[in-house]
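Okay, data24.cif now, which holds mmCIF, C-alpha atoms:
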data_protein
loop_
_atom_site.label_atom_id
_atom_site.label_comp_id
_atom_site.auth_asym_id
_atom_site.auth_seq_id
_atom_site.Cartn_x
_atom_site.Cartn_y
_atom_site.Cartn_z
CA MET A 125 92.73 87.04 132.14
CA LYS A 126 94.40 88.84 129.21
CA LYS A 127 97.27 87.08 127.49
CA ILE A 128 100.20 88.79 125.77
CA GLY A 129 101.75 86.44 123.23
CA ILE A 130 105.03 86.73 121.36
CA LEU A 131 105.38 85.05 117.97
CA PHE A 132 109.00 84.34 117.07
CA GLY A 133 111.35 82.03 115.22
CA MET A 134 115.07 81.43 115.63
CA GLU A 135 115.80 84.21 118.12
CA ASN A 136 116.12 83.22 121.77
CA THR A 137 117.28 85.99 124.07
CA PHE A 138 114.65 88.67 123.47
CA PRO A 139 111.44 86.55 123.48
CA ASN A 140 112.28 84.80 126.75
CA ALA A 141 113.42 88.01 128.43
CA PHE A 142 110.26 89.80 127.24
CA ILE A 143 107.98 87.09 128.66
CA GLU A 144 109.82 87.08 131.99
CA ARG A 145 109.77 90.88 132.23
CA VAL A 146 106.03 91.19 131.61
CA ASN A 147 105.24 88.48 134.14
CA SER A 148 107.64 89.92 136.72
CA LYS A 149 105.62 93.13 136.86
CA GLY A 150 102.69 91.30 138.44
CA GLU A 151 99.95 93.17 136.60
CA ASP A 152 96.53 91.88 137.68
CA GLY A 153 94.86 89.82 134.98
CA ILE A 154 97.80 90.02 132.53
CA ILE A 155 100.29 87.27 131.66
CA ALA A 156 102.75 86.76 128.82
CA GLU A 157 103.71 83.57 126.98
CA ALA A 158 104.96 82.26 123.65
CA VAL A 159 102.12 82.06 121.11
CA THR A 160 100.73 78.58 120.46
CA ILE A 161 98.70 77.92 117.29
CA ASP A 162 96.78 74.65 116.95
CA LYS A 163 94.17 75.75 114.40
CA VAL A 164 93.19 78.84 112.42
CA ILE A 165 89.49 79.12 111.59
CA GLN A 166 88.20 82.07 109.60
CA ALA A 167 86.75 84.87 111.75
CA ALA A 168 87.30 82.81 114.92
CA PRO A 169 88.97 84.70 117.80
CA ASN A 170 92.10 83.43 119.55
CA GLU A 171 93.15 83.58 123.18
CA TYR A 172 95.51 86.57 122.94
CA ALA A 173 94.72 90.20 123.72
CA VAL A 174 98.11 91.28 122.32
CA ILE A 175 100.60 89.54 120.01
CA ILE A 176 104.13 90.83 119.42
CA ASP A 177 105.09 89.69 115.90
CA ARG A 178 108.76 88.88 115.34
CA ILE A 179 108.61 86.39 112.47
CA SER A 180 105.67 86.75 110.06
CA GLN A 181 107.83 88.57 107.49
CA ASP A 182 109.41 85.16 106.82
CA VAL A 183 106.34 82.91 107.30
CA PRO A 184 103.27 83.73 105.17
CA PHE A 185 101.11 81.35 107.25
CA TYR A 186 101.81 83.47 110.34
CA ARG A 187 101.04 86.70 108.49
CA SER A 188 97.59 85.41 107.48
CA TYR A 189 96.99 84.10 111.00
CA LEU A 190 97.79 87.55 112.42
CA LYS A 191 95.41 89.31 110.04
CA ASN A 192 92.63 86.97 111.16
CA ALA A 193 93.60 87.61 114.79
CA ALA A 194 93.50 91.38 114.24
CA LEU A 195 90.06 91.10 112.65
CA THR A 196 88.75 89.32 115.74
CA GLY A 197 90.13 91.72 118.36
CA THR A 198 93.82 90.98 118.98
CA ALA A 199 96.13 94.00 119.14
CA VAL A 200 98.87 92.81 116.78
CA ILE A 201 102.20 94.64 117.00
CA ASN A 202 103.11 95.63 114.34
CA ASN A 203 99.95 96.07 112.25
CA PRO A 204 100.09 93.11 109.80
CA PHE A 205 97.99 94.87 107.14
CA TRP A 206 100.23 97.92 106.95
CA TRP A 207 103.38 95.85 107.25
CA SER A 208 102.25 93.82 104.21
CA ALA A 209 101.79 97.01 102.16
CA ASP A 210 104.84 98.97 103.31
CA GLU A 211 108.17 99.18 101.47
CA LYS A 212 111.32 101.24 101.52
CA PHE A 213 110.80 103.36 98.41
CA PHE A 214 107.42 104.56 99.66
CA ASN A 215 108.96 105.28 103.06
CA ASN A 216 111.54 107.55 101.44
CA ALA A 217 108.82 109.44 99.60
CA LEU A 218 106.79 109.81 102.81
CA ALA A 219 109.84 111.04 104.73
CA GLU A 220 110.34 113.75 102.12
CA LYS A 221 106.71 114.82 102.59
CA LEU A 222 107.37 115.04 106.35
CA GLY A 223 110.37 117.33 105.79
CA ILE A 224 112.90 114.69 106.91
CA PRO A 225 116.16 114.58 104.89
CA VAL A 226 116.64 111.38 102.88
CA PRO A 227 119.13 110.40 100.15
CA ARG A 228 118.07 111.15 96.56
CA THR A 229 116.44 107.92 95.38
CA ALA A 230 114.96 106.59 92.12
CA LEU A 231 113.02 103.38 91.44
CA LEU A 232 114.33 100.96 88.78
CA PRO A 233 112.42 98.28 86.87
CA SER A 234 113.48 94.69 87.52
CA LYS A 235 116.12 93.16 85.26
CA GLN A 236 113.88 90.18 84.48
CA ARG A 237 110.15 90.34 83.93
CA PRO A 238 108.01 88.95 86.75
CA THR A 239 106.77 85.39 86.30
CA ASN A 240 103.65 85.07 84.14
CA THR A 241 104.19 88.40 82.39
CA SER A 242 105.18 89.19 78.80
CA GLU A 243 106.41 92.20 76.85
CA THR A 244 102.83 93.43 76.44
CA SER A 245 102.49 93.62 80.23
CA PHE A 246 104.87 96.59 80.08
CA ARG A 247 103.50 98.62 77.17
CA ASN A 248 103.32 101.67 79.48
CA LEU A 249 107.03 101.58 80.30
CA ALA A 250 108.99 104.03 78.15
CA PHE A 251 111.88 102.60 76.17
CA PRO A 252 114.54 103.58 76.78
CA MET A 253 113.92 105.13 80.17
CA ALA A 254 115.35 108.58 80.96
CA TRP A 255 118.57 107.11 82.32
CA GLU A 256 120.61 110.31 82.01
CA GLU A 257 118.11 112.25 84.10
CA ILE A 258 117.97 109.46 86.69
CA PHE A 259 121.76 109.42 86.95
CA GLN A 260 121.97 113.20 87.15
CA TYR A 261 119.42 113.23 89.97
CA VAL A 262 120.99 110.48 92.10
CA GLY A 263 124.67 110.93 91.27
CA PHE A 264 127.57 108.48 91.62
CA PRO A 265 128.83 106.69 93.63
CA ALA A 266 125.43 105.33 94.67
CA TYR A 267 123.82 102.29 96.24
CA MET A 268 121.50 99.90 94.49
CA LYS A 269 119.25 97.87 96.79
CA PRO A 270 115.81 96.18 96.81
CA HIS A 271 112.90 98.58 97.17
CA ASP A 272 111.31 96.36 99.81
CA GLY A 273 114.22 94.29 101.09
CA GLY A 274 116.12 94.07 104.35
CA GLY A 275 118.90 92.31 106.19
CA TRP A 276 121.60 93.84 103.95
CA LYS A 277 120.65 91.43 101.14
CA SER A 278 121.31 92.27 97.48
CA VAL A 279 122.89 95.65 98.27
CA TYR A 280 125.48 96.96 95.79
CA ARG A 281 127.73 100.00 95.73
CA VAL A 282 127.97 101.29 92.15
CA VAL A 283 130.44 103.86 90.88
CA ASN A 284 129.08 104.67 87.41
CA PRO A 285 126.31 103.62 85.00
CA GLN A 286 128.30 100.75 83.50
CA ASP A 287 129.01 99.35 86.97
CA MET A 288 125.33 99.62 87.84
CA TRP A 289 124.23 97.78 84.71
CA ILE A 290 126.69 94.95 85.28
CA LYS A 291 125.52 94.47 88.88
CA HIS A 292 121.87 94.87 87.86
CA GLU A 293 122.30 91.66 85.85
CA GLU A 294 122.47 89.75 89.15
CA THR A 295 119.19 91.07 90.58
CA GLY A 296 116.72 88.91 88.64
CA GLN A 297 113.11 89.90 89.34
CA LEU A 298 113.95 92.20 92.26
CA VAL A 299 112.71 95.77 91.91
CA MET A 300 115.67 97.92 92.90
CA MET A 301 116.28 101.47 94.07
CA LEU A 302 119.24 103.61 93.05
CA GLN A 303 120.13 105.77 96.04
CA GLU A 304 122.58 108.58 96.63
CA GLU A 305 125.62 107.60 98.71
CA ILE A 306 125.82 109.54 101.96
CA VAL A 307 129.40 109.93 103.13
CA PHE A 308 128.81 110.25 106.84
CA ASP A 309 130.55 111.65 109.89
CA ASP A 310 128.36 109.74 112.37
CA TYR A 311 125.82 106.94 112.11
CA VAL A 312 123.06 105.95 114.55
CA ARG A 313 120.33 103.34 114.88
CA CYS A 314 117.26 104.23 116.92
CA TYR A 315 114.71 101.99 118.59
CA CYS A 316 111.22 103.49 118.69
CA ILE A 317 108.69 101.66 120.87
CA GLY A 318 105.08 102.62 121.41
CA GLN A 319 105.59 105.71 119.22
CA LYS A 320 106.92 107.56 122.27
CA ASP A 321 110.08 105.89 123.62
CA VAL A 322 113.26 106.43 121.58
CA LEU A 323 116.74 105.02 122.19
CA VAL A 324 119.51 106.49 120.01
CA MET A 325 122.41 104.05 119.60
CA PRO A 326 125.72 104.90 117.88
CA TYR A 327 126.16 102.27 115.18
CA GLU A 328 128.88 101.22 112.74
CA PRO A 329 127.23 99.39 109.82
CA ARG A 330 130.55 98.19 108.35
CA ASN A 331 131.61 96.28 111.46
CA PRO A 332 130.92 92.55 111.86
CA HIS A 333 127.34 92.00 113.03
CA HIS A 334 128.22 91.51 116.70
CA LEU A 335 130.37 94.67 116.80
CA ARG A 336 128.10 97.14 115.01
CA TYR A 337 126.94 98.72 118.26
CA ALA A 338 130.52 99.11 119.52
CA ALA A 339 130.73 102.74 118.42
CA ASP A 340 130.35 106.29 119.69
CA LEU A 341 129.40 109.65 118.21
CA LYS A 342 132.22 111.93 117.14
CA VAL A 343 130.18 115.09 117.65
CA GLN A 344 130.26 116.36 121.24
CA GLY A 345 128.90 119.10 123.50
CA GLU A 346 125.97 121.30 122.56
CA GLU A 347 126.14 120.20 118.93
CA ARG A 348 125.70 116.59 120.05
CA GLU A 349 122.64 117.42 122.15
CA LYS A 350 120.99 119.30 119.29
CA LEU A 351 121.72 116.43 116.91
CA LEU A 352 120.20 113.87 119.30
CA GLU A 353 117.06 115.96 119.73
CA THR A 354 116.66 116.29 115.96
CA ILE A 355 117.15 112.55 115.49
CA LYS A 356 114.55 111.74 118.17
CA ASP A 357 112.10 114.17 116.59
CA TYR A 358 112.56 112.63 113.12
CA THR A 359 112.27 109.10 114.54
CA LEU A 360 108.96 109.85 116.23
CA LYS A 361 107.55 111.61 113.16
CA LEU A 362 108.39 108.66 110.93
CA ASN A 363 106.91 106.03 113.23
CA ILE A 364 103.77 108.02 113.96
CA ALA A 365 103.21 108.54 110.23
CA LEU A 366 103.85 104.84 109.46
CA GLY A 367 101.96 103.52 112.48
CA TYR A 368 104.73 101.27 113.82
CA ASP A 369 104.86 100.49 117.54
CA PHE A 370 108.13 98.52 117.38
CA ASN A 371 110.66 99.67 114.80
CA THR A 372 114.20 100.91 114.25
CA VAL A 373 115.35 103.92 112.21
CA GLU A 374 118.89 104.48 110.94
CA PHE A 375 120.44 107.88 110.25
CA ALA A 376 123.67 108.81 108.49
CA VAL A 377 124.88 112.20 109.72
CA ARG A 378 126.63 114.37 107.13
CA GLY A 379 127.63 117.94 107.88
CA GLY A 380 125.42 117.96 110.97
CA ILE A 381 122.35 116.81 109.02
CA PRO A 382 120.84 113.39 109.88
CA TYR A 383 119.63 111.60 106.74
CA ALA A 384 117.10 108.81 107.30
CA ILE A 385 118.64 105.76 105.62
CA ASP A 386 116.52 102.82 106.72
CA PHE A 387 113.26 102.97 108.66
CA CYS A 388 111.24 99.91 107.70
CA ASN A 389 112.38 97.38 110.33
CA PRO A 390 109.21 96.22 112.14
CA ALA A 391 110.98 93.11 113.51
CA PRO A 392 114.32 94.72 114.40
CA ASP A 393 117.30 92.89 115.82
CA ALA A 394 116.99 92.71 119.60
CA ASP A 395 119.48 89.98 120.46
CA ILE A 396 121.61 90.69 123.52
CA TYR A 397 124.73 89.43 121.76
CA SER A 398 124.44 91.98 118.94
CA VAL A 399 122.84 95.05 120.58
CA GLY A 400 124.74 94.69 123.87
CA PRO A 401 123.45 94.34 127.46
CA ASP A 402 122.52 98.00 128.07
CA ASN A 403 120.55 98.42 124.84
CA PHE A 404 118.97 95.01 125.38
CA GLU A 405 117.75 95.98 128.85
CA TRP A 406 116.18 99.17 127.49
CA VAL A 407 114.36 97.32 124.68
CA VAL A 408 113.01 94.57 126.97
CA GLU A 409 111.69 97.09 129.50
CA ALA A 410 110.15 99.43 126.91
CA ALA A 411 108.55 96.55 124.97
CA ALA A 412 107.10 95.01 128.15
CA ASN A 413 105.59 98.32 129.25
CA MET A 414 104.16 98.97 125.80
CA ALA A 415 102.59 95.49 125.57
CA ILE A 416 101.00 95.79 129.02
CA GLU A 417 99.59 99.20 128.13
CA ARG A 418 98.10 97.81 124.91
CA ALA A 419 96.63 94.83 126.75
CA LYS A 420 94.86 97.13 129.22
CA LYS A 421 93.39 99.18 126.36
CA GLN A 422 92.42 96.16 124.23
CA ALA A 423 88.66 95.86 123.69
CA PRO A 424 87.55 92.28 122.86
CA GLY A 425 85.79 91.92 119.53
CA GLN A 426 86.91 95.32 118.25
CA ILE A 427 89.75 96.34 115.94
CA ASN A 428 92.70 97.18 118.20
CA LEU A 429 95.36 97.93 115.59
CA THR A 430 97.56 101.02 115.36
CA TRP A 431 97.20 102.93 112.10
CA GLY A 432 99.63 105.67 111.13
CA THR A 433 98.69 109.24 110.38
CA PHE A 434 99.30 108.59 106.68
CA MET A 435 96.44 106.06 106.58
CA ASN A 436 94.20 108.13 108.84
CA GLN A 437 94.67 111.16 106.60
CA ALA A 438 93.96 109.07 103.51
CA VAL A 439 90.73 107.70 104.99
CA ASN A 440 89.58 111.17 106.03
CA GLY A 441 90.49 112.83 102.74
CA ILE A 442 93.27 114.99 104.18
CA PRO A 443 95.93 115.95 101.58
CA ALA A 444 99.43 114.63 102.14
CA ALA A 445 101.13 117.84 103.19
CA VAL A 446 104.56 118.61 104.52
CA ALA A 447 104.25 118.27 108.29
CA THR A 448 107.03 120.64 109.28
CA ALA A 449 108.13 124.09 108.20
CA ALA A 450 111.67 122.89 107.59
CA GLY A 451 112.15 120.83 104.47
CA PRO A 452 115.20 118.69 103.69
CA VAL A 453 118.41 120.65 103.46
CA GLU A 454 120.24 120.36 100.19
CA PRO A 455 123.46 118.47 100.95
CA ALA A 456 126.85 120.06 100.40
CA LYS A 457 129.44 118.40 98.20
CA THR A 458 131.78 116.09 100.05
CA LYS A 459 135.25 114.83 99.33
CA ALA A 460 136.49 111.27 99.16
CA PRO A 461 134.42 108.87 101.31
CA ALA A 462 135.47 108.20 104.88
CA LYS A 463 132.55 105.97 105.78
CA THR A 464 129.52 105.22 103.68
CA ALA A 465 125.96 104.40 104.55
CA GLU A 466 124.55 101.06 103.43
CA GLU A 467 127.96 99.51 102.67
CA ALA A 468 127.37 95.99 101.40
CA PRO A 469 130.05 93.72 102.85
CA ALA A 470 129.26 90.87 100.47
CA ALA A 471 129.24 92.99 97.34
CA THR A 472 132.24 95.27 97.72
CA LYS A 473 135.20 95.88 99.92
CA ALA A 474 134.88 98.65 102.47
CA PRO A 475 136.31 101.90 101.15
CA ALA A 476 139.67 102.94 102.46
CA LYS A 477 139.54 105.39 105.34
CA SER A 478 140.30 108.98 104.48
CA ALA A 479 139.99 112.31 106.16
CA ALA A 480 136.44 113.06 107.18
CA PRO A 481 134.78 115.72 105.05
CA ALA A 482 134.70 119.20 106.47
CA LYS A 483 131.48 119.98 108.28
CA ALA A 484 129.22 122.14 106.25
CA PRO A 485 127.69 125.19 107.89
CA LYS A 486 124.13 124.66 108.99
CA ALA A 487 121.75 125.82 106.34
CA ALA A 488 118.70 127.88 107.17
CA PRO A 489 115.50 125.81 107.16
CA ALA A 490 114.02 125.73 103.73
CA LYS A 491 110.35 126.33 103.19
CA PRO A 492 108.45 123.28 101.96
CA VAL A 493 107.83 123.13 98.28
CA LYS A 494 105.07 121.46 96.40
CA GLU A 495 107.42 119.38 94.35
CA ALA A 496 110.96 118.41 95.25
CA ALA A 497 113.34 119.74 92.63
CA PRO A 498 116.37 117.65 91.68
CA SER A 499 119.70 118.75 93.01
CA ALA A 500 121.56 121.12 90.75
CA THR A 501 124.83 119.42 91.68
CA GLU A 502 126.55 118.42 88.45
CA VAL A 503 127.57 114.79 88.19
CA LYS A 504 129.56 113.44 85.28
CA VAL A 505 127.60 110.62 83.71
CA LYS A 506 127.84 108.60 80.57
CA ALA A 507 125.24 108.95 77.88
CA VAL A 508 123.00 105.96 77.42
CA THR A 509 122.14 105.17 73.82
CA PRO A 510 121.51 101.44 73.42
CA LYS A 511 122.20 100.28 69.87
CA LYS A 512 119.51 97.63 70.11
CA THR A 513 116.66 96.63 72.30
CA ALA A 514 117.89 95.07 75.54
CA LYS A 515 116.47 91.69 76.51
CA SER A 516 115.32 92.83 79.91
CA LEU A 517 112.43 94.75 81.37
CA GLY A 518 114.69 97.63 82.38
CA ALA A 519 116.12 97.97 78.88
CA ILE A 520 119.59 98.18 80.36
CA ALA A 521 122.40 98.14 77.81
CA THR A 522 125.86 96.72 78.37
CA GLU A 523 127.63 98.13 75.32
CA PRO A 524 130.39 100.75 75.56
CA ILE A 525 129.13 104.18 76.46
CA ALA A 526 130.54 107.42 75.13
CA GLU A 527 131.31 110.22 77.50
CA ALA A 528 128.84 113.11 77.33
CA GLU A 529 128.64 116.52 78.91
CA PRO A 530 126.41 116.36 81.99
CA LYS A 531 123.04 118.03 81.75
CA VAL A 532 121.62 120.17 84.50
CA PRO A 533 118.49 118.47 85.90
CA THR A 534 115.20 120.26 85.42
CA ASN A 535 111.78 120.02 87.00
CA ARG A 536 110.14 118.84 83.83
CA ALA A 537 109.04 115.28 83.36
CA ALA A 538 111.53 112.73 82.09
CA VAL A 539 111.73 112.87 78.32
CA THR A 540 111.60 109.52 76.58
CA LYS A 541 109.94 108.36 73.45
CA ALA A 542 106.62 106.69 74.11
CA PRO A 543 106.61 102.95 73.40
CA ALA A 544 105.04 101.76 70.19
CA LYS A 545 101.70 99.97 70.22
CA ASN A 546 103.47 96.68 70.42
CA SER A 547 106.30 97.02 72.90
CA LYS A 548 109.77 96.42 71.49
CA LEU A 549 110.81 94.62 74.65
CA LYS A 550 111.90 91.12 73.79
CA LYS A 551 111.55 88.04 75.90
CA SER A 552 114.49 87.35 78.15
#

Encoded form (structure tokens):
Amino acid sequence: MKKIGILFGMENTFPNAFIERVNSKGEDGIIAEAVTIDKVIQAAPNEYAVIIDRISQDVPFYRSYLKNAALTGTAVINNPFWWSADEKFFNNALAEKLGIPVPRTALLPSKQRPTNTSETSFRNLAFPMAWEEIFQYVGFPAYMKPHDGGGWKSVYRVVNPQDMWIKHEETGQLVMMLQEEIVFDDYVRCYCIGQKDVLVMPYEPRNPHHLRYAADLKVQGEEREKLLETIKDYTLKLNIALGYDFNTVEFAVRGGIPYAIDFCNPAPDADIYSVGPDNFEWVVEAAANMAIERAKKQAPGQINLTWGTFMNQAVNGIPAAVATAAGPVEPAKTKAPAKTAEEAPAATKAPAKSAAPAKAPKAAPAKPVKEAAPSATEVKVKAVTPKKTAKSLGAIATEPIAEAEPKVPTNRAAVTKAPAKNSKLKKS
């Protein structure tokens, strides 16, 4: 008898429906149940052929239990080793390598130094950083959010450097990303299960949680069909590269181009009261079929995890190359925002509705390049010249900033003075 277990926390509707659906199929020698843990002994196998993980991101004990289970033969979905290593900034970089459009994004140092570190821990960090070049590359307005966060926590819309620095004060030890704002015409969220089944759901991220799926695409006809096919293709490429068997991907569509906004959701919302009955039915059925298939393939005592093509290529010494002939299309300028991706309800008010930006003509596919060049779009920014050393890791100043003529970004490395032998960073 092979058992399929589901490990979960506060959610109710999906786990119970999943268990009932698997058992209703009457597969010989396969049953599903909620996982029960009474002891965890190193290298000792457990009773489950497959475990669907819905909670270990919040419970470190469960994450360690799942790694031990994977080592002893359980097919854990999603792979707990990769899930522990994955984060959103890396995902954006990988998407760019795959030729999938993503917002321009830069990584920022944390406002406060991590616990048990000092100024000498950061002697390799240039002071000040090349803030002007970062701002020119990303542009404003932009979004600042944790590089490995989720659940719409600590997400800020920032309109200029001064606004960013003020809000950065609230982020503590979080490592943040500064990301281009995508003013979108349509927005979708896609389930991807088993790296083969994709459900594209129109989604409105600014609505209250229970109404976010109460939306529809504006684009219609042949253009709609082409867009859906492109979105499905991008969704599969991302999940195959990352190695996720149960994930969601979000796209903001601007000028007919779907930009991948968020695609690191290995325990995605699947509650009937938020996704709606039709989407819920699809997810339950696809997840049950995927789990049964994995149980049949599971070989006791062997490693039965899914690893993405990124890891497989790394192990086999294959260079990380662009997977498609079409690279990301350089976005056209847009007018005042109508809707914005990654709006943070807690941080800012939703922008007032305005006329949707005119659809840009479809650009011819661009050939992949070895190194992504910054956009040449000029963005007015304020020069950053701190008068004294800031008391934070990021060396972010809060003094008045003089207006300066914007510089055109170049491909050369960021130019900053190298730190002295003893870093000038002071203790917070």

Pairwise distance, atom CA of A:Asn371 with atom CA of A:His334, equals 19.5 Å

With a distance cut-off of 10 Å and all atoms listed in the file, select the neighbouring residues of stretch 422-428 of chain A, excluding the residue or stretch itself and same-chain residues fewer than 5 positions from it, and output the selection as a tab-separated table (two decimals) with C-alpha atoms, in the coordinates of the input.
chain	number	residue	atom	x	y	z
A	126	LYS	CA	94.40	88.84	129.21
A	169	PRO	CA	88.97	84.70	117.80
A	172	TYR	CA	95.51	86.57	122.94
A	173	ALA	CA	94.72	90.20	123.72
A	174	VAL	CA	98.11	91.28	122.32
A	193	ALA	CA	93.60	87.61	114.79
A	194	ALA	CA	93.50	91.38	114.24
A	195	LEU	CA	90.06	91.10	112.65
A	196	THR	CA	88.75	89.32	115.74
A	197	GLY	CA	90.13	91.72	118.36
A	198	THR	CA	93.82	90.98	118.98
A	199	ALA	CA	96.13	94.00	119.14
A	200	VAL	CA	98.87	92.81	116.78
A	201	ILE	CA	102.20	94.64	117.00
A	203	ASN	CA	99.95	96.07	112.25
A	416	ILE	CA	101.00	95.79	129.02
A	417	GLU	CA	99.59	99.20	128.13

Between atom CA of A:Tyr280 and atom CA of A:Met300 lies a distance of 10.3 Å

With distances taken over only C-alpha atoms, the candidate from A:Gly274, A:Pro443, A:Pro184, A:Pro238 nearest A:Ala391 is A:Gly274

Practice item. Could you pull out every residue with an atom within 10 Å of (127.6, 101.0, 121.2), file coordinates, counting only C-alpha atoms, and send them as JSON, numbers by chain? Key: {"A": [312, 313, 324, 325, 326, 327, 328, 335, 336, 337, 338, 339, 340, 341, 398, 399, 400, 402, 403]}

Assuming the input is short of atoms at stretch 207-214 of chain A, produce all heavy atoms for that part as a PDB file, in the frame of the given file.
ATOM      1  N   TRP A 207     102.078  96.444 107.469  1.00  0.00           N
ATOM      2  CA  TRP A 207     103.380  95.850 107.250  1.00  0.00           C
ATOM      3  C   TRP A 207     103.416  95.136 105.894  1.00  0.00           C
ATOM      4  O   TRP A 207     104.418  95.148 105.183  1.00  0.00           O
ATOM      5  CB  TRP A 207     103.689  94.874 108.383  1.00  0.00           C
ATOM      6  CG  TRP A 207     105.106  94.418 108.448  1.00  0.00           C
ATOM      7  CD1 TRP A 207     106.107  94.674 107.567  1.00  0.00           C
ATOM      8  CD2 TRP A 207     105.683  93.620 109.481  1.00  0.00           C
ATOM      9  NE1 TRP A 207     107.282  94.070 107.978  1.00  0.00           N
ATOM     10  CE2 TRP A 207     107.039  93.421 109.146  1.00  0.00           C
ATOM     11  CE3 TRP A 207     105.199  93.050 110.640  1.00  0.00           C
ATOM     12  CZ2 TRP A 207     107.896  92.664 109.933  1.00  0.00           C
ATOM     13  CZ3 TRP A 207     106.058  92.306 111.420  1.00  0.00           C
ATOM     14  CH2 TRP A 207     107.392  92.120 111.084  1.00  0.00           C
ATOM     15  N   SER A 208     102.309  94.511 105.494  1.00  0.00           N
ATOM     16  CA  SER A 208     102.250  93.820 104.210  1.00  0.00           C
ATOM     17  C   SER A 208     102.332  94.800 103.043  1.00  0.00           C
ATOM     18  O   SER A 208     102.808  94.462 101.959  1.00  0.00           O
ATOM     19  CB  SER A 208     100.943  93.019 104.093  1.00  0.00           C
ATOM     20  OG  SER A 208     100.880  92.008 105.075  1.00  0.00           O
ATOM     21  N   ALA A 209     101.840  96.017 103.241  1.00  0.00           N
ATOM     22  CA  ALA A 209     101.790  97.010 102.160  1.00  0.00           C
ATOM     23  C   ALA A 209     103.023  97.897 102.109  1.00  0.00           C
ATOM     24  O   ALA A 209     103.330  98.476 101.071  1.00  0.00           O
ATOM     25  CB  ALA A 209     100.543  97.880 102.327  1.00  0.00           C
ATOM     26  N   ASP A 210     103.749  98.016 103.200  1.00  0.00           N
ATOM     27  CA  ASP A 210     104.840  98.970 103.310  1.00  0.00           C
ATOM     28  C   ASP A 210     106.074  98.514 102.538  1.00  0.00           C
ATOM     29  O   ASP A 210     106.302  97.323 102.359  1.00  0.00           O
ATOM     30  CB  ASP A 210     105.200  99.142 104.794  1.00  0.00           C
ATOM     31  CG  ASP A 210     106.066 100.353 105.044  1.00  0.00           C
ATOM     32  OD1 ASP A 210     106.110 101.238 104.173  1.00  0.00           O
ATOM     33  OD2 ASP A 210     106.690 100.425 106.121  1.00  0.00           O
ATOM     34  N   GLU A 211     106.870  99.474 102.080  1.00  0.00           N
ATOM     35  CA  GLU A 211     108.170  99.180 101.470  1.00  0.00           C
ATOM     36  C   GLU A 211     109.040 100.419 101.494  1.00  0.00           C
ATOM     37  O   GLU A 211     108.569 101.524 101.730  1.00  0.00           O
ATOM     38  CB  GLU A 211     108.008  98.607 100.052  1.00  0.00           C
ATOM     39  CG  GLU A 211     106.927  99.226  99.200  1.00  0.00           C
ATOM     40  CD  GLU A 211     107.388 100.420  98.377  1.00  0.00           C
ATOM     41  OE1 GLU A 211     108.479 100.940  98.632  1.00  0.00           O
ATOM     42  OE2 GLU A 211     106.633 100.837  97.492  1.00  0.00           O
ATOM     43  N   LYS A 212     110.325 100.209 101.263  1.00  0.00           N
ATOM     44  CA  LYS A 212     111.320 101.240 101.520  1.00  0.00           C
ATOM     45  C   LYS A 212     111.222 102.443 100.583  1.00  0.00           C
ATOM     46  O   LYS A 212     111.465 103.573 101.001  1.00  0.00           O
ATOM     47  CB  LYS A 212     112.726 100.626 101.456  1.00  0.00           C
ATOM     48  CG  LYS A 212     112.991  99.620 102.564  1.00  0.00           C
ATOM     49  CD  LYS A 212     114.390  99.033 102.476  1.00  0.00           C
ATOM     50  CE  LYS A 212     114.615  97.962 103.536  1.00  0.00           C
ATOM     51  NZ  LYS A 212     114.555  98.485 104.894  1.00  0.00           N
ATOM     52  N   PHE A 213     110.882 102.227  99.328  1.00  0.00           N
ATOM     53  CA  PHE A 213     110.800 103.360  98.410  1.00  0.00           C
ATOM     54  C   PHE A 213     109.671 104.298  98.825  1.00  0.00           C
ATOM     55  O   PHE A 213     109.837 105.524  98.847  1.00  0.00           O
ATOM     56  CB  PHE A 213     110.606 102.886  96.970  1.00  0.00           C
ATOM     57  CG  PHE A 213     110.608 104.016  95.977  1.00  0.00           C
ATOM     58  CD1 PHE A 213     111.787 104.648  95.626  1.00  0.00           C
ATOM     59  CD2 PHE A 213     109.428 104.455  95.395  1.00  0.00           C
ATOM     60  CE1 PHE A 213     111.799 105.703  94.718  1.00  0.00           C
ATOM     61  CE2 PHE A 213     109.421 105.501  94.484  1.00  0.00           C
ATOM     62  CZ  PHE A 213     110.612 106.126  94.145  1.00  0.00           C
ATOM     63  N   PHE A 214     108.517 103.732  99.181  1.00  0.00           N
ATOM     64  CA  PHE A 214     107.420 104.560  99.660  1.00  0.00           C
ATOM     65  C   PHE A 214     107.827 105.314 100.920  1.00  0.00           C
ATOM     66  O   PHE A 214     107.505 106.487 101.097  1.00  0.00           O
ATOM     67  CB  PHE A 214     106.176 103.704  99.954  1.00  0.00           C
ATOM     68  CG  PHE A 214     105.147 104.443 100.759  1.00  0.00           C
ATOM     69  CD1 PHE A 214     104.325 105.377 100.157  1.00  0.00           C
ATOM     70  CD2 PHE A 214     105.042 104.253 102.134  1.00  0.00           C
ATOM     71  CE1 PHE A 214     103.397 106.094 100.906  1.00  0.00           C
ATOM     72  CE2 PHE A 214     104.124 104.962 102.886  1.00  0.00           C
ATOM     73  CZ  PHE A 214     103.293 105.884 102.268  1.00  0.00           C
TER      74      PHE A 214
END
